[in-house]
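Student: Dropping in target_17.cif, with mmCIF, C-alpha atoms.
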```cif
data_my_file
loop_
_atom_site.label_atom_id
_atom_site.label_comp_id
_atom_site.auth_asym_id
_atom_site.auth_seq_id
_atom_site.Cartn_x
_atom_site.Cartn_y
_atom_site.Cartn_z
CA MET A 1 134.90 131.41 54.48
CA SER A 2 136.02 127.94 53.47
CA GLY A 3 137.49 127.32 56.92
CA SER A 4 134.28 128.36 58.72
CA PHE A 5 132.19 126.29 56.31
CA SER A 6 134.33 123.20 56.92
CA SER A 7 134.10 123.67 60.70
CA GLN A 8 130.32 123.97 60.49
CA SER A 9 130.07 120.87 58.34
CA ARG A 10 132.16 118.89 60.81
CA LYS A 11 129.70 119.47 63.69
CA PRO A 12 126.78 117.56 62.13
CA LEU A 13 129.19 114.79 61.14
CA LEU A 14 130.50 114.63 64.72
CA ILE A 15 126.98 114.49 66.17
CA LEU A 16 126.02 111.82 63.66
CA ASN A 17 129.06 109.75 64.58
CA VAL A 18 128.23 110.05 68.30
CA GLU A 19 124.65 108.95 67.66
CA VAL A 20 125.83 105.99 65.60
CA TRP A 21 128.31 105.08 68.34
CA MET A 22 125.65 105.27 71.08
CA GLU A 23 123.21 103.23 69.01
CA GLY A 24 125.86 100.61 68.40
CA LEU A 25 126.69 100.55 72.12
CA LEU A 26 123.03 100.06 73.01
CA ASN A 27 122.64 97.34 70.43
CA GLN A 28 125.77 95.65 71.72
CA TRP A 29 124.98 95.74 75.44
CA LEU A 30 121.27 96.43 75.96
CA TRP A 31 119.34 95.26 72.91
CA GLN A 32 121.10 91.98 72.37
CA GLN A 33 118.53 89.58 71.00
CA GLU A 34 119.80 86.85 73.34
CA TYR A 35 118.45 88.90 76.27
CA TRP A 36 115.01 89.73 74.91
CA LEU A 37 114.05 86.95 72.48
CA PRO A 38 114.07 83.13 72.59
CA PRO A 39 116.88 81.23 70.83
CA GLY A 40 116.55 81.26 67.05
CA ILE A 41 114.55 84.54 66.89
CA THR A 42 116.17 87.84 65.88
CA TRP A 43 115.00 91.44 65.69
CA LYS A 44 115.04 91.14 61.90
CA ASP A 45 112.48 88.35 62.10
CA MET A 46 110.19 90.59 64.14
CA ARG A 47 110.55 93.46 61.66
CA MET A 48 109.88 91.14 58.71
CA GLU A 49 106.73 89.83 60.38
CA GLU A 50 105.54 93.37 60.96
CA ARG A 51 105.98 94.24 57.29
CA MET A 52 104.06 91.13 56.31
CA GLU A 53 101.10 92.03 58.56
CA LYS A 54 99.86 95.34 57.26
CA GLY A 55 98.35 97.55 59.94
CA SER A 56 99.44 95.25 62.76
CA ARG A 57 101.44 96.28 65.84
CA TYR A 58 104.40 94.45 67.26
CA PRO A 59 105.92 95.77 70.50
CA ARG A 60 109.02 97.88 70.05
CA PRO A 61 111.22 99.21 72.87
CA ARG A 62 110.95 102.76 71.56
CA ASP A 63 107.18 102.68 72.18
CA LEU A 64 107.90 102.97 75.89
CA LEU A 65 109.39 106.46 75.46
CA LEU A 66 105.81 107.70 75.32
CA THR A 67 105.30 106.74 78.96
CA LEU A 68 107.54 109.50 80.36
CA PRO A 69 105.55 112.49 79.00
CA LEU A 70 102.34 110.62 79.84
CA ALA A 71 103.59 110.25 83.43
CA LEU A 72 104.02 114.03 83.65
CA GLY A 73 100.53 114.35 82.20
CA PHE A 74 99.19 112.05 84.93
CA ILE A 75 100.85 114.23 87.59
CA ALA A 76 99.24 117.38 86.14
CA LEU A 77 95.87 115.64 85.85
CA ARG A 78 96.14 114.46 89.45
CA TYR A 79 96.85 118.02 90.62
CA VAL A 80 93.69 119.26 88.92
CA PHE A 81 91.61 116.27 90.04
CA GLU A 82 92.52 116.60 93.72
CA ARG A 83 91.61 120.29 93.82
CA VAL A 84 88.56 120.36 91.56
CA ILE A 85 86.92 117.01 92.35
CA ALA A 86 88.50 115.28 95.35
CA LEU A 87 88.55 118.30 97.69
CA PRO A 88 84.81 119.11 97.38
CA LEU A 89 84.08 115.37 97.56
CA SER A 90 85.94 115.13 100.86
CA ARG A 91 83.55 117.69 102.36
CA ARG A 92 80.58 115.67 101.11
CA PHE A 93 82.06 112.60 102.79
CA GLY A 94 82.43 114.52 106.05
CA VAL A 95 86.22 114.35 106.23
CA ARG A 96 87.52 116.32 109.22
CA ASP A 97 91.10 117.31 109.90
CA ARG A 98 92.40 116.95 113.39
CA GLN A 99 93.29 120.22 115.10
CA ARG A 100 96.96 120.01 115.95
CA VAL A 101 98.81 122.10 118.50
CA ARG A 102 100.98 124.84 116.98
CA VAL A 103 104.32 124.95 118.77
CA ALA A 104 106.15 128.12 119.68
CA PHE A 105 109.04 129.01 117.41
CA ILE A 106 112.31 128.24 119.23
CA PRO A 107 115.27 128.81 116.86
CA LYS A 108 117.59 126.17 118.33
CA LEU A 109 114.93 123.47 118.45
CA GLU A 110 113.72 124.34 114.95
CA ALA A 111 117.26 124.20 113.54
CA PHE A 112 117.86 120.82 115.21
CA TYR A 113 114.52 119.51 113.90
CA LEU A 114 115.31 120.50 110.30
CA LYS A 115 118.89 119.27 110.52
CA LYS A 116 117.91 115.81 111.74
CA ARG A 117 115.26 115.56 109.02
CA LYS A 118 112.40 115.06 111.47
CA GLN A 119 114.02 112.07 113.21
CA GLN A 120 113.41 111.28 116.84
CA PRO A 121 116.12 113.00 118.97
CA SER A 122 118.24 110.76 121.16
CA GLN A 123 118.52 111.13 124.92
CA SER A 124 121.94 112.76 124.64
CA ASP A 125 120.54 115.28 122.12
CA ILE A 126 117.70 116.13 124.49
CA LEU A 127 120.09 116.68 127.41
CA GLY A 128 122.19 119.00 125.24
CA LEU A 129 119.10 120.96 124.19
CA VAL A 130 118.01 121.24 127.82
CA LYS A 131 121.22 123.12 128.60
CA GLN A 132 121.02 125.30 125.48
CA CYS A 133 117.37 126.31 125.68
CA GLY A 134 116.79 126.38 129.43
CA LEU A 135 113.73 124.12 129.14
CA THR A 136 112.88 120.92 130.94
CA ARG A 137 113.28 117.54 129.32
CA ARG A 138 109.52 117.02 129.27
CA GLN A 139 108.95 120.35 127.52
CA ILE A 140 111.48 119.55 124.80
CA GLU A 141 110.00 116.09 124.16
CA THR A 142 106.52 117.61 123.93
CA TRP A 143 107.77 120.30 121.55
CA PHE A 144 109.28 117.74 119.17
CA ARG A 145 106.15 115.59 119.26
CA HIS A 146 103.88 118.52 118.43
CA ARG A 147 106.33 119.76 115.79
CA ARG A 148 106.28 116.42 113.99
CA ASN A 149 102.50 116.33 114.16
CA GLN A 150 102.37 119.70 112.39
CA ASP A 151 104.08 118.17 109.33
CA LYS A 152 101.90 115.09 109.22
CA PRO A 153 99.41 114.90 106.33
CA SER A 154 95.83 115.81 107.08
CA ASN A 155 92.87 113.50 106.50
CA THR A 156 91.86 115.67 103.56
CA LYS A 157 95.22 115.10 101.85
CA LYS A 158 94.94 111.36 102.47
CA PHE A 159 91.40 111.33 101.09
CA CYS A 160 92.41 113.18 97.92
CA GLU A 161 95.31 110.78 97.31
CA ALA A 162 93.11 107.72 97.87
CA SER A 163 90.34 109.05 95.62
CA TRP A 164 92.80 109.65 92.74
CA ARG A 165 94.11 106.10 92.95
CA PHE A 166 90.59 104.72 93.31
CA VAL A 167 89.47 106.39 90.08
CA PHE A 168 92.47 105.13 88.11
CA TYR A 169 92.37 101.57 89.44
CA LEU A 170 88.62 101.30 88.84
CA ILE A 171 88.90 102.56 85.25
CA ALA A 172 91.97 100.41 84.56
CA PHE A 173 90.34 97.26 85.92
CA SER A 174 87.08 97.83 84.06
CA ALA A 175 88.80 98.62 80.76
CA GLY A 176 91.29 95.78 81.15
CA LEU A 177 88.57 93.24 81.92
CA ALA A 178 86.48 94.41 78.96
CA SER A 179 89.46 94.05 76.59
CA LEU A 180 90.56 90.64 77.89
CA ILE A 181 87.36 88.74 78.60
CA ASP A 182 86.96 87.68 74.95
CA THR A 183 90.59 86.66 74.45
CA PRO A 184 91.51 82.94 74.46
CA TRP A 185 94.40 83.35 76.93
CA PHE A 186 92.07 84.86 79.55
CA TRP A 187 90.44 81.43 79.98
CA GLU A 188 93.28 79.12 78.90
CA HIS A 189 96.67 80.41 80.00
CA ARG A 190 98.64 78.14 77.69
CA GLU A 191 97.34 80.33 74.86
CA CYS A 192 99.72 83.02 76.12
CA TRP A 193 102.55 81.12 74.44
CA GLN A 194 100.99 80.00 71.15
CA GLY A 195 103.14 81.53 68.40
CA TYR A 196 105.42 83.34 70.84
CA PRO A 197 107.16 85.75 70.28
CA LYS A 198 105.55 86.55 66.93
CA GLN A 199 102.27 87.64 68.48
CA LEU A 200 100.29 90.68 67.44
CA VAL A 201 99.35 93.21 70.10
CA ALA A 202 95.84 94.65 69.92
CA GLU A 203 95.45 98.40 70.13
CA ALA A 204 93.50 98.14 73.40
CA HIS A 205 96.24 96.03 75.01
CA TYR A 206 98.91 98.42 73.75
CA TRP A 207 97.24 101.36 75.49
CA TYR A 208 96.55 99.24 78.57
CA TYR A 209 100.30 98.69 78.84
CA ILE A 210 101.32 102.25 78.08
CA LEU A 211 98.86 103.86 80.53
CA GLU A 212 99.64 101.42 83.35
CA LEU A 213 103.37 102.01 82.98
CA SER A 214 102.85 105.78 82.81
CA PHE A 215 100.75 105.68 86.00
CA TYR A 216 103.41 103.77 87.95
CA TRP A 217 106.06 106.20 86.68
CA SER A 218 103.92 109.03 88.11
CA LEU A 219 103.60 107.22 91.46
CA LEU A 220 107.37 106.77 91.63
CA LEU A 221 107.99 110.44 90.77
CA CYS A 222 105.51 111.60 93.44
CA VAL A 223 106.66 109.23 96.17
CA SER A 224 108.46 112.02 98.04
CA VAL A 225 105.28 114.13 98.40
CA ASP A 226 102.76 111.34 98.92
CA VAL A 227 101.69 110.09 102.34
CA LYS A 228 104.50 107.98 103.79
CA ARG A 229 103.29 104.76 105.38
CA LYS A 230 104.92 102.00 107.36
CA ASP A 231 105.55 99.97 104.20
CA PHE A 232 107.24 102.89 102.43
CA LYS A 233 110.31 100.83 101.44
CA GLU A 234 108.14 97.98 100.21
CA GLN A 235 106.12 100.42 98.12
CA ILE A 236 109.31 101.72 96.47
CA ILE A 237 110.39 98.15 95.70
CA HIS A 238 106.91 97.40 94.35
CA HIS A 239 106.89 100.44 92.02
CA ILE A 240 110.38 99.71 90.69
CA ALA A 241 109.66 96.01 90.18
CA THR A 242 106.37 96.84 88.46
CA ILE A 243 108.04 99.32 86.09
CA PHE A 244 110.76 96.80 85.20
CA LEU A 245 108.17 94.06 84.83
CA ILE A 246 105.88 96.04 82.52
CA GLY A 247 108.75 97.47 80.45
CA PHE A 248 110.64 94.22 80.06
CA SER A 249 107.52 92.16 79.31
CA TYR A 250 106.53 94.64 76.60
CA CYS A 251 109.95 94.56 74.92
CA SER A 252 110.04 90.75 75.08
CA ASN A 253 106.42 90.52 73.88
CA TYR A 254 105.19 88.94 77.10
CA VAL A 255 102.14 91.14 76.57
CA ARG A 256 99.52 88.40 76.91
CA VAL A 257 100.64 87.19 80.31
CA GLY A 258 101.52 90.78 81.27
CA THR A 259 97.93 91.92 80.79
CA LEU A 260 96.80 89.13 83.12
CA VAL A 261 99.30 90.25 85.77
CA MET A 262 98.04 93.85 85.61
CA LEU A 263 94.40 92.75 85.73
CA VAL A 264 94.98 90.61 88.83
CA HIS A 265 96.61 93.55 90.63
CA ASP A 266 93.94 96.07 89.64
CA SER A 267 91.11 93.76 90.78
CA SER A 268 91.51 94.54 94.48
CA ASP A 269 93.38 97.86 94.59
CA PHE A 270 90.31 100.01 93.93
CA LEU A 271 88.48 98.36 96.86
CA LEU A 272 91.34 99.24 99.22
CA GLU A 273 91.35 102.86 98.11
CA SER A 274 87.57 103.13 98.46
CA ALA A 275 87.79 101.69 101.99
CA LYS A 276 90.36 104.35 102.85
CA MET A 277 88.08 107.07 101.52
CA PHE A 278 85.18 105.98 103.73
CA ASN A 279 87.54 105.53 106.68
CA TYR A 280 88.76 109.12 106.45
CA GLY A 281 85.14 110.28 106.25
CA GLY A 282 84.18 108.40 109.40
CA TRP A 283 81.91 105.85 107.66
CA ARG A 284 83.07 102.95 109.82
CA LYS A 285 80.53 100.30 108.82
CA THR A 286 80.94 100.98 105.10
CA CYS A 287 84.72 100.95 105.53
CA ASP A 288 84.57 97.60 107.33
CA VAL A 289 82.41 96.03 104.60
CA LEU A 290 84.71 97.27 101.83
CA PHE A 291 87.75 96.12 103.75
CA VAL A 292 86.37 92.60 104.13
CA MET A 293 85.63 92.50 100.38
CA PHE A 294 89.14 93.75 99.63
CA ALA A 295 90.75 91.23 101.99
CA VAL A 296 88.90 88.28 100.42
CA ILE A 297 89.68 89.33 96.83
CA PHE A 298 93.30 90.19 97.68
CA LEU A 299 94.00 86.88 99.41
CA VAL A 300 92.35 84.88 96.61
CA THR A 301 93.95 86.72 93.68
CA ARG A 302 97.43 87.34 95.14
CA LEU A 303 97.96 84.11 97.10
CA VAL A 304 95.98 81.64 94.96
CA VAL A 305 95.36 82.86 91.40
CA PHE A 306 98.64 84.69 90.88
CA PRO A 307 101.08 81.93 91.98
CA THR A 308 99.08 78.89 90.82
CA ARG A 309 97.93 80.19 87.43
CA ILE A 310 100.10 83.07 86.22
CA VAL A 311 103.47 82.27 87.82
CA TYR A 312 102.96 78.59 87.01
CA THR A 313 102.28 79.24 83.34
CA THR A 314 105.38 81.46 83.01
CA LEU A 315 107.61 78.97 84.84
CA VAL A 316 106.29 75.65 83.51
CA ASP A 317 103.90 76.00 80.57
CA SER A 318 106.15 78.39 78.64
CA LEU A 319 108.94 75.79 78.47
CA ASP A 320 106.74 73.67 76.19
CA PHE A 321 106.95 76.40 73.52
CA PHE A 322 110.53 77.75 73.72
CA ALA A 323 113.86 77.07 75.38
CA PRO A 324 114.70 79.18 78.45
CA PHE A 325 116.74 82.35 77.90
CA PHE A 326 117.73 85.43 79.91
CA GLY A 327 114.31 87.06 79.56
CA TYR A 328 112.64 83.93 80.92
CA TYR A 329 114.71 84.02 84.13
CA PHE A 330 114.51 87.79 84.57
CA PHE A 331 110.74 87.96 84.05
CA ASN A 332 110.06 85.13 86.49
CA ALA A 333 112.44 86.67 89.04
CA LEU A 334 110.39 89.89 88.98
CA LEU A 335 107.17 87.90 89.38
CA LEU A 336 108.64 86.18 92.45
CA VAL A 337 109.61 89.56 93.92
CA LEU A 338 105.99 90.65 93.55
CA GLN A 339 104.85 87.43 95.17
CA ALA A 340 107.11 88.07 98.16
CA LEU A 341 105.52 91.51 98.54
CA HIS A 342 102.08 89.89 98.28
CA ILE A 343 102.94 87.62 101.21
CA PHE A 344 104.13 90.60 103.28
CA TRP A 345 100.95 92.59 102.62
CA ALA A 346 98.80 89.50 103.20
CA TRP A 347 100.34 89.25 106.67
CA LEU A 348 99.37 92.87 107.38
CA ILE A 349 95.85 92.26 106.09
CA LEU A 350 95.43 89.13 108.23
CA ARG A 351 96.42 91.19 111.27
CA MET A 352 93.69 93.65 110.43
CA VAL A 353 91.22 90.79 109.87
CA TYR A 354 92.11 89.47 113.31
CA LYS A 355 91.34 92.85 114.84
CA PHE A 356 88.12 93.08 112.87
CA VAL A 357 86.91 89.62 113.99
CA PHE A 358 88.00 89.67 117.63
CA LEU A 359 87.81 93.39 118.40
CA GLY A 360 84.71 94.13 116.34
CA LYS A 361 86.22 96.72 114.01
CA VAL A 362 89.29 97.69 112.05
CA GLU A 363 90.96 100.01 114.52
CA ARG A 364 93.44 101.56 112.10
CA ASP A 365 95.23 100.92 108.85
CA GLU A 366 98.27 98.70 109.44
CA ARG A 367 99.95 100.75 106.71
CA SER A 368 99.06 104.07 108.33
CA ASP A 369 101.33 107.07 107.96
CA GLU A 370 104.71 106.78 109.59
CA GLU A 371 105.14 107.48 113.32
CA SER A 372 101.59 108.77 113.69
CA ASP A 373 100.12 106.02 115.84
CA VAL A 374 102.35 106.22 118.90
CA GLU A 375 102.51 110.00 119.01
CA GLU A 376 98.79 110.49 118.53
CA GLU A 377 98.10 107.94 121.25
CA GLU A 378 100.43 109.84 123.59
CA GLU A 379 98.68 113.07 122.70
CA GLU A 380 95.30 111.49 123.36
CA LYS A 381 96.55 110.15 126.70
CA GLU A 382 97.73 113.62 127.65
CA GLU A 383 94.34 115.08 126.74
CA CYS A 384 92.55 112.32 128.67
CA SER A 385 94.75 112.80 131.74
CA TRP A 386 94.14 116.55 131.62
CA GLU A 387 90.41 115.99 131.33
CA GLN A 388 90.52 113.59 134.27
CA LYS A 389 92.49 116.07 136.35
CA LYS A 390 90.12 118.86 135.42
CA GLY A 391 87.11 116.69 136.29
CA THR A 392 88.63 115.74 139.64
CA LEU A 393 89.38 119.39 140.38
CA ASN A 394 85.86 120.46 139.48
CA SER A 395 84.34 117.76 141.67
CA LYS A 396 86.52 118.83 144.60
CA LEU A 397 85.57 122.46 144.10
CA ALA A 398 81.92 121.52 143.89
CA SER A 399 82.10 119.48 147.10
CA LEU A 400 83.98 122.32 148.82
CA ALA A 401 81.35 124.80 147.70
CA ASN A 402 78.56 122.53 148.93
CA ASN A 403 80.30 122.19 152.28
CA CYS A 404 80.66 125.97 152.54
CA VAL A 405 76.98 126.45 151.75
CA LEU A 406 75.93 123.83 154.29
CA ASN A 407 78.18 125.38 156.94
CA ASN A 408 76.71 128.83 156.29
CA LEU A 409 73.15 127.52 156.50
CA THR A 410 73.93 125.68 159.73
CA HIS A 411 75.58 128.75 161.20
CA GLN A 412 72.66 130.99 160.21
CA ARG A 413 70.16 128.54 161.67
CA ARG A 414 72.02 128.50 164.97
CA ASN A 415 72.12 132.31 165.07
CA MET A 416 68.40 132.55 164.36
CA SER A 417 67.53 130.02 167.06
CA TYR A 418 69.79 131.89 169.53
CA ARG A 419 68.13 135.25 168.72
CA MET A 420 64.64 133.79 169.06
CA ALA A 421 65.56 132.38 172.45
CA ASN A 422 66.82 135.78 173.60
CA THR A 423 63.72 137.49 172.32
CA ARG A 424 61.49 135.10 174.28
#
```
Using structure tokens, write down the structure that the file contains.

Tutor:
Amino acid sequence: MSGSFSSQSRKPLLILNVEVWMEGLLNQWLWQQEYWLPPGITWKDMRMEERMEKGSRYPRPRDLLLTLPLALGFIALRYVFERVIALPLSRRFGVRDRQRVRVAFIPKLEAFYLKKRKQQPSQSDILGLVKQCGLTRRQIETWFRHRRNQDKPSNTKKFCEASWRFVFYLIAFSAGLASLIDTPWFWEHRECWQGYPKQLVAEAHYWYYILELSFYWSLLLCVSVDVKRKDFKEQIIHHIATIFLIGFSYCSNYVRVGTLVMLVHDSSDFLLESAKMFNYGGWRKTCDVLFVMFAVIFLVTRLVVFPTRIVYTTLVDSLDFFAPFFGYYFFNALLLVLQALHIFWAWLILRMVYKFVFLGKVERDERSDEESDVEEEEEEKEECSWEQKKGTLNSKLASLANNCVLNNLTHQRRNMSYRMANTR
């Protein structure tokens, strides 16, 4: 009995020692105050300030653990929203899915398609498949094109995804603006650094941070099932940089300037998603108006306000209040990564503006789903060529029929005139 009791008592002690060791390792490598706080400020100072201010909230790294279950909650809420609200709304908007050709099941072609992970087959692969399947090269290329089109997302799926993001961005922007418009740092950005880092975080700003971070976690977790667009890699970089930016700024108590960064990004995103919704529904004029509004707000906020006001105050104004440290360099590096992405997307938007001004409409989203443009154009060309051939064939048949009718009438008239002459 004593031996079993001693062995059972050793297990909790072992677990406790492991936890203490892991906590010490984290404190030694991750939570070093030199990384997160300006020189002369320690974690003990932050805890003492929190005890002095009863009922106040100072940001703590462990607060961010709440974002992971909330991200799963966002995914579940999105699943319900898309099926209960977005799907019926897509029918009201008149969203129509394109009828795609269903290919015949050919085992060797299907195995090759799944093995290559839907990539375009090379010319050598096509020649090998020609010998294996006994089909022509043109038939195999057509089969692969139609097979890829089968896996492409429908307009309804795109509409549901855009409507979910539209609802979140609109609510986030409205709530963020309402909570920040009365704050001093909303109008004077130097106020972001008064008393830093010993700054209280309001309850509304705390939840603004937590919900934004949870939403971007959900986007990153769902990136494999969402519609893949041409800027797929840039979107991944954007989500990761945003998560690091929000998490690090919260732990370092960059909350004031962080709320401004989130507000600037949310100000134009809901207009883009609403333009997509009307585009999928076929409302071209409404889509064009919303796109112009989005382009103007995006270019002003991301290329003017963000670098000249927010990035400037974090790079220059903050140095008047504290000496630079690791968090200063890391935070500004993430802001510059976002600015590089802003320039890339601004270039895409300006291309679309050019098409809108000189061609009269926005022909298609520059960030449209991957590989869809070329293949759908080829499919449309095939349909047009078939329609032209069919029209030409019908016209020839019609002219041939008319000639036959005219010949018969002429022949009958000659016979009648010949008979009448004989009768006379």

Student: Please evaluate the PyMOL selection byres ((chain A and resi 87) around 12) against the displayed coordinates and give the resulting residues as a list in words.

Tutor: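 On the file shown, the PyMOL selection byres ((chain A and resi 87) around 12) covers Arg78, Tyr79, Val80, Phe81, Glu82, Arg83, Val84, Ile85, Ala86, Pro88, Leu89, Ser90, Arg91, Arg92, Phe93, Gly94, Val95, Arg96, Asn155, Thr156, Lys157, Lys158, Phe159, Cys160, Glu161, Ala162, Ser163, Trp164 and Met277 of chain A.
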
Student: Output the residue selection produced by the PyMOL selection byres ((chain A and resi 248) around 10) on the file above, formatted as a VMD selection string.

Tutor: chain A and resid 36 61 242 to 247 249 to 255 258 327 330 to 331 334

Student: Restricted to C-alpha atoms, what would the selected residues look like written as a PDB file, keeping the file's coordinate frame?

Tutor:
```
ATOM      1  CA  TRP A  36     115.010  89.730  74.910  1.00  0.00           C
ATOM      2  CA  PRO A  61     111.220  99.210  72.870  1.00  0.00           C
ATOM      3  CA  THR A 242     106.370  96.840  88.460  1.00  0.00           C
ATOM      4  CA  ILE A 243     108.040  99.320  86.090  1.00  0.00           C
ATOM      5  CA  PHE A 244     110.760  96.800  85.200  1.00  0.00           C
ATOM      6  CA  LEU A 245     108.170  94.060  84.830  1.00  0.00           C
ATOM      7  CA  ILE A 246     105.880  96.040  82.520  1.00  0.00           C
ATOM      8  CA  GLY A 247     108.750  97.470  80.450  1.00  0.00           C
ATOM      9  CA  SER A 249     107.520  92.160  79.310  1.00  0.00           C
ATOM     10  CA  TYR A 250     106.530  94.640  76.600  1.00  0.00           C
ATOM     11  CA  CYS A 251     109.950  94.560  74.920  1.00  0.00           C
ATOM     12  CA  SER A 252     110.040  90.750  75.080  1.00  0.00           C
ATOM     13  CA  ASN A 253     106.420  90.520  73.880  1.00  0.00           C
ATOM     14  CA  TYR A 254     105.190  88.940  77.100  1.00  0.00           C
ATOM     15  CA  VAL A 255     102.140  91.140  76.570  1.00  0.00           C
ATOM     16  CA  GLY A 258     101.520  90.780  81.270  1.00  0.00           C
ATOM     17  CA  GLY A 327     114.310  87.060  79.560  1.00  0.00           C
ATOM     18  CA  PHE A 330     114.510  87.790  84.570  1.00  0.00           C
ATOM     19  CA  PHE A 331     110.740  87.960  84.050  1.00  0.00           C
ATOM     20  CA  LEU A 334     110.390  89.890  88.980  1.00  0.00           C
TER      21      LEU A 334
END
```

Student: Counting all atoms listed in the file, find residues at most 7 Å from (102.1, 99.2, 71.5) (file frame) and give them as a PyMOL selection string.

Tutor: chain A and resi 57-59+63+201+203+206-207

Student: By how many Å are CA of Gln199 (chain A) and CA of Ser318 (chain A) apart?

Tutor: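 Taking CA of Gln199 (chain A) as the start and CA of Ser318 (chain A) as the end point, the length is 14.3 Å.
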
Student: Report, in Å to a single decimal, how far apart CA of Val311 (chain A) and CA of Leu335 (chain A) are.

Tutor: 6.9 Å

Student: Which one of A:Met293, A:Ile126, A:Leu319, A:Val257 sits closest to Glu191 (chain A) if you count only C-alpha atoms?

Tutor: A:Val257

Student: Pick from A:Tyr312, A:Tyr216, A:Tyr329, A:Phe358: nearest to Leu70 (chain A), with all atoms listed in the file counted?

Tutor: A:Tyr216

Student: Quick one: of A:Phe294, A:Trp345, A:Tyr209, A:Trp143, who's nearest to Thr259 (chain A), counting only C-alpha atoms?

Tutor: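 Between A:Phe294, A:Trp345, A:Tyr209, A:Trp143, the residue approaching Thr259 (chain A) most closely is A:Tyr209.
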
Student: Given all atoms listed in the file as the basis, pick out the residue of A:Phe321, A:Phe306, A:Tyr328, A:Trp347 nearest to Gly195 (chain A).

Tutor: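 Selected residue with least distance to Gly195 (chain A): A:Phe321.
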
Student: CA of Phe298 (chain A) to CA of Asn279 (chain A): how many Å, to one decimal?

Tutor: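 CA of Asn279 (chain A) lies at a distance of 18.7 Å from CA of Phe298 (chain A).
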